[in-house]
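Read through the structure below, which is laid out as structure tokens, and then see the notes.
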Amino acid sequence: MITRRDFFATVGGGIVVFLIPDGCDAQESGGGRRRGFNQRLPEQISAWMHIAEDGTVTVYTGKVEVGQNSRTSLSMAVAEELRAPLSSIHMVMGDTTLTPFDMGTFGSRTTPTMWPQLRKVAATAREALMDLAAKQWKADRTALKVESGKVLWNSHSASFGELTKGQKLAMNVSSSAPLTPATEWRVAGKPTLKVSAHEIVTGRHKYPYDIQRPGMLYGKVLYPPAFGAKLASFDASAAKAIHGVTVVHEGDFVAIAAPEPDAADRALAALKAEWTPAPPQPSSSSDMASYYENNAEGGLSPKAAQSYNIAYIAHVPLEPRAAVAEWSGDKVTVWTGSQRPFGVRSELASHFSIPETSVHVMMPDTGAAYGGKHTGDAALEAARIAKVAGRPVRRGWTRQEEMTWAYFRPGGVIKASATVSADGIIQTWSFDNYNSGPSGLNSPYHVPQGNEHFHRSKAALREGSYRGLAATANHFARESYMDELAHSVSMDPLEFRLKNTTDERLRNVIQAAADRFGWKDHKKTAGHGFGIAAGFEKGGYIATCAEVRVERPGGAVKVLRVVESFECGAIVNPLQLENQIEGAIMMGLGGALFEQIEFANGKILNDRLARYRVPRFTDMPAIEVVLLDRKDIPSAGAGETPIVGIAPAVANAIFDVTGVRLRSLPLAPKGVNVS
């Protein structure tokens with residue numbers, strides 16, 4: 001295991017700057033409370049930055065990179081305030097030994113929390129470097145300036161490394177260190193390519209699945225045939241007869257390790273087990289609405305006018321869960337793809353009853369997560385197998401395992417009721433979410449408050465966080481219902497939303513999307529429909545307009561064009577933000593049109609991509625992104641909010657062309673019934 005002291009001995013001397021953040025963010029809903037939930041950063045100084053003698057700036061953050069490009073945006077924060085070249089910034093992320101404690105990368109919190117923290121770190125370091133130069137040159141400090149990794153004064157010039165001469169500078173971060181206003185950003189706010197793009201496209205980047213260790217074995221786990229089944233009997237003799245195979249049997253946990261992947265597959269197939277069936281569970285995914293209502297805590301609210309149903313869906317990350325675990329005595333080192341490396345450290349320490357200081361978790365940049373990698377499932381499996389085998393073990397989930405044993409986005413049912421005056425003003429409002437979750441629950445429109453509630457219900461499947469959490473479900477129901485209310489008083493859906501909007505930022509995104517889309521000028525065309533939706537979540541405002549075509553006969557739905565406007569304060573990297581929005585729209589199309597987990601009698605029925613429909617190239621519409629850059633407002637995150645508008649916009653467009661109001665996600669897995 002590498003300690004911080006060992007690391008500094010390797011990279012040499014330099015400058016170290018420290019920061020203690022104001023507080024820690026809570027785990028987003030769906031993941032539950034875990035050990036370390038209330039943990040605060042220690043009061044003593046803890047390093048966040050190291051400047052080596054060659055000018056390399058190493059920055060430490062507990063945040064992780066799962067494709068959202070935080071490695072680039074956080075590097076931009078440091079480069080901006082330190083006045084250093086972006087190429088000189090090296091980001092160490094998600095290493096529980098080297099980086100400060102962090103609750104995890106979730107909830108679109110990296111930009112609003114870590115971005116300003118690292119700006120303060122860099123600004124304080126910049127001021128300290130200027131102090132060193134002024135003292136060394138006996139210069140008027142106000143006459144100094146910092147550019148391109150150097151401090152300059154008249155004919156004098158010194159690089160950061162030359163100034164520190166290998167000495168560390170330890171200090172608290174000053175809240176008074178001047179930060180660059182967004183209107184004067186020179187690095188931030190500009191379109192910037194991914195800093196690790198070359199490594200990724202050339203295949204040099206190592207993902208968790210690529211990690212290799214000397215003498216490494218390949219692990220497999222024997223899962224029960226259905227959720228909740230218990231191991232009754234077990235025979236491993238045939239598996240043990242395969243050369244090099246180790247069998248692990250601890251209660252209901254059965255696994256094997258083998259020197260080669262094919263040997264691991266053969267050994268797993270050779271295991272013989274009998275299972276005791278689980279207690280009765282929800283029989284199928286065909287009618288979950290009544291299940292959520294019947295199992296809701298506190299019972300049902302008064303019957304609402306409309307009900308909207310939300311299906312379970314899978315995260316489908318490009319890279320399934322993977323981990324490599326290696327023991328040295330009573331200490332374990334794990335490489336794994338997780339949004340919560342410190343949470344995984346706690347899980348491992350708890351399971352093996354060892355101190356957290358005996359667990360080192362490292363997080364290589366990972367092939368997607370979408371809220372689905374909060375837990376250390378693969379890491380724990382790898383560590384359990386490796387402890388018995390006495391050698392490093394890689395545990396890589398198959399796609400079928402990923403789509404069966406990972407947690408899902410919660411399903412649910414949402415009930416809405418309202419009254420509207422003849423001139424289109426919402427008079428009463430009631431909104432109840434059963435099981436999906438509270439994110440995005442409150443209406444961004446001007447409605448009577450206090451009648452929006454989340455009701456927990458008994459889960460039918462393992463469920464947890466998903467990109468946007470329940471905001472997608474709540475926006476789908478609310479924005480669909482807003483359309484229904486508009487039509488009930490014969491009012492244009494755009495006009496109705498604007499009439500019930502008092503929030504200037506919401507109004508701005510709605511108007512921006514409608515203007516770019518040409519909402520007021522669009523002409524009705526046979527088979528084509530137009531829909532609009534808007535909302536607010538995690539500091540960002542969004543509006544989405546969609547054009548769809550519904551084929552006759554058959555009712556097949558094709559989304560032709562999407563215009564999405566987004567405002568999240570001062571834009572850090574417009575190129576990255578556009579990518580986030582486009583990716584969210586693509587992902588959201590799946591949940592909107594056809595993604596759903598099908599299950600019966602404790603088994604997942606569509607546990608592979610051949611059976612689980614995700615968006616394809618042929619499903620992609622023309623996408624136009626409108627960015628509203630508010631340099632007067634602090635930057636908010638953008639990884640989640642852009643996904644919430646596509647489902648209701650498409651649903652409203654389908655109604656516009658067919659007159660059929662679809663109130664369940666997915667909307668049209670087999671097309672719309674237009675007979």
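Residue numbering restarts at 1 in every chain; chains get A, B, ... in the order shown in the structure tokens, and ligands count up from 1 in that same order.
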Can I get the residues of segment 561-642 of chain A within 9 Å of segment 656-665 of chain A, each with the closest pair of atoms and their distance in Å to one decimal, using only C-alpha atoms, sorted chain first then ascending number, as a Markdown table?
| residue | atom | partner | partner_atom | distance |
| --- | --- | --- | --- | --- |
| A:Gly591 | CA | A:Leu665 | CA | 6.8 |
| A:Ala592 | CA | A:Leu665 | CA | 5.9 |
| A:Leu593 | CA | A:Leu665 | CA | 7.2 |
| A:Phe594 | CA | A:Leu665 | CA | 7.9 |
| A:Glu595 | CA | A:Leu665 | CA | 8.2 |
| A:Gln596 | CA | A:Leu665 | CA | 8.0 |
Write to file, as an mmCIF file, in the first residue's frame, the residues of the selection just made, with N, CA, C and O atoms.
data_model
loop_
_atom_site.group_PDB
_atom_site.id
_atom_site.type_symbol
_atom_site.label_atom_id
_atom_site.label_comp_id
_atom_site.auth_asym_id
_atom_site.auth_seq_id
_atom_site.Cartn_x
_atom_site.Cartn_y
_atom_site.Cartn_z
ATOM 1 N N GLY A 591 -35.261 5.245 -21.381
ATOM 2 C CA GLY A 591 -36.272 5.160 -20.333
ATOM 3 C C GLY A 591 -37.607 5.722 -20.766
ATOM 4 O O GLY A 591 -38.655 5.302 -20.276
ATOM 5 N N ALA A 592 -37.577 6.679 -21.693
ATOM 6 C CA ALA A 592 -38.821 7.276 -22.163
ATOM 7 C C ALA A 592 -39.609 6.324 -23.057
ATOM 8 O O ALA A 592 -40.830 6.207 -22.932
ATOM 9 N N LEU A 593 -38.914 5.636 -23.949
ATOM 10 C CA LEU A 593 -39.624 4.886 -24.990
ATOM 11 C C LEU A 593 -39.726 3.387 -24.749
ATOM 12 O O LEU A 593 -40.762 2.785 -25.030
ATOM 13 N N PHE A 594 -38.640 2.743 -24.270
ATOM 14 C CA PHE A 594 -38.699 1.283 -24.259
ATOM 15 C C PHE A 594 -37.972 0.580 -23.126
ATOM 16 O O PHE A 594 -38.192 -0.611 -22.918
ATOM 17 N N GLU A 595 -37.120 1.227 -22.357
ATOM 18 C CA GLU A 595 -36.389 0.503 -21.309
ATOM 19 C C GLU A 595 -37.295 0.139 -20.141
ATOM 20 O O GLU A 595 -38.015 0.983 -19.601
ATOM 21 N N GLN A 596 -37.227 -1.117 -19.722
ATOM 22 C CA GLN A 596 -37.914 -1.566 -18.514
ATOM 23 C C GLN A 596 -37.387 -2.949 -18.129
ATOM 24 O O GLN A 596 -37.111 -3.778 -18.985
#
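DSSP annotation of segment 152-265 of chain A from backbone atoms: strand (DSSP E) residues are Leu152, Trp153, His156, Ser157, Ala158, Ser159, Leu217, Tyr218, Gly219, Lys220, Val221, Leu222, Lys230, Leu231, Ala232, Ser233, Phe234, Asp235, Thr246, Val247, Val248, His249, Glu250, Phe253, Val254, Ala255, Ile256, Ala257 and Ala258 of chain A.
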Next on the checklist: Using only C-alpha atoms, which protein or nucleic acid residues come within 7 Å of Glu452 of chain A? Drop anything in the same chain fewer than 4 positions from it, and give the result as an MDAnalysis selection string.
Outcome noted: chainID A and resid 430:432 441:442
Name all residues at most 8 Å from Leu506 of chain A (count only C-alpha atoms; drop same-chain ones fewer than 6 positions away) and give them as a CSV table (one decimal) with N, CA, C and O atoms, in the first residue's frame.
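Resulting contents of result-v7.csv:
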chain,number,residue,atom,x,y,z
A,444,PRO,N,-41.6,23.6,-9.9
A,444,PRO,CA,-40.9,24.8,-10.1
A,444,PRO,C,-41.9,25.9,-10.5
A,444,PRO,O,-41.5,27.1,-10.6
A,534,ALA,N,-40.4,21.3,-19.0
A,534,ALA,CA,-39.4,22.2,-18.3
A,534,ALA,C,-39.3,21.7,-16.9
A,534,ALA,O,-40.1,20.9,-16.4
A,535,GLY,N,-38.3,22.3,-16.2
A,535,GLY,CA,-38.1,21.9,-14.8
A,535,GLY,C,-36.8,22.5,-14.2
A,535,GLY,O,-36.1,23.2,-14.8
A,536,PHE,N,-36.6,22.1,-13.0
A,536,PHE,CA,-35.5,22.5,-12.2
A,536,PHE,C,-35.0,21.4,-11.3
A,536,PHE,O,-35.9,20.7,-10.7
A,541,TYR,N,-31.6,24.7,-14.5
A,541,TYR,CA,-33.0,24.9,-15.1
A,541,TYR,C,-32.9,24.3,-16.5
A,541,TYR,O,-31.9,24.5,-17.2
A,542,ILE,N,-34.0,23.7,-16.9
A,542,ILE,CA,-34.0,23.0,-18.2
A,542,ILE,C,-35.4,23.1,-18.9
A,542,ILE,O,-36.4,23.2,-18.2
Checklist entry - Which residue out of A:Glu297, A:Glu147, A:Asp365, A:Glu162 has the minimum interatomic distance to Ala133 of chain A when only C-alpha atoms are used? => result A:Glu162
Checklist entry - Which of segment 283-444 of chain A counts as alpha helix (DSSP H) under DSSP, as a VMD selection string please? => result chain A and resid 289 to 294 341 to 352 377 to 389 399 to 405
Item to check | Residues within 12 Å of Ser176 of chain A, only C-alpha atoms, excluding chain neighbours under 5 positions, as a PyMOL selection string | outcome: chain A and resi 120-121+123-124+127
Next on the checklist: I want to know what sits within 6 Å of Ser148 of chain A, based on only C-alpha atoms, with residues of the same chain fewer than 2 positions away left out; could you give that as a PyMOL selection string?
Outcome noted: chain A and resi 83-85+150
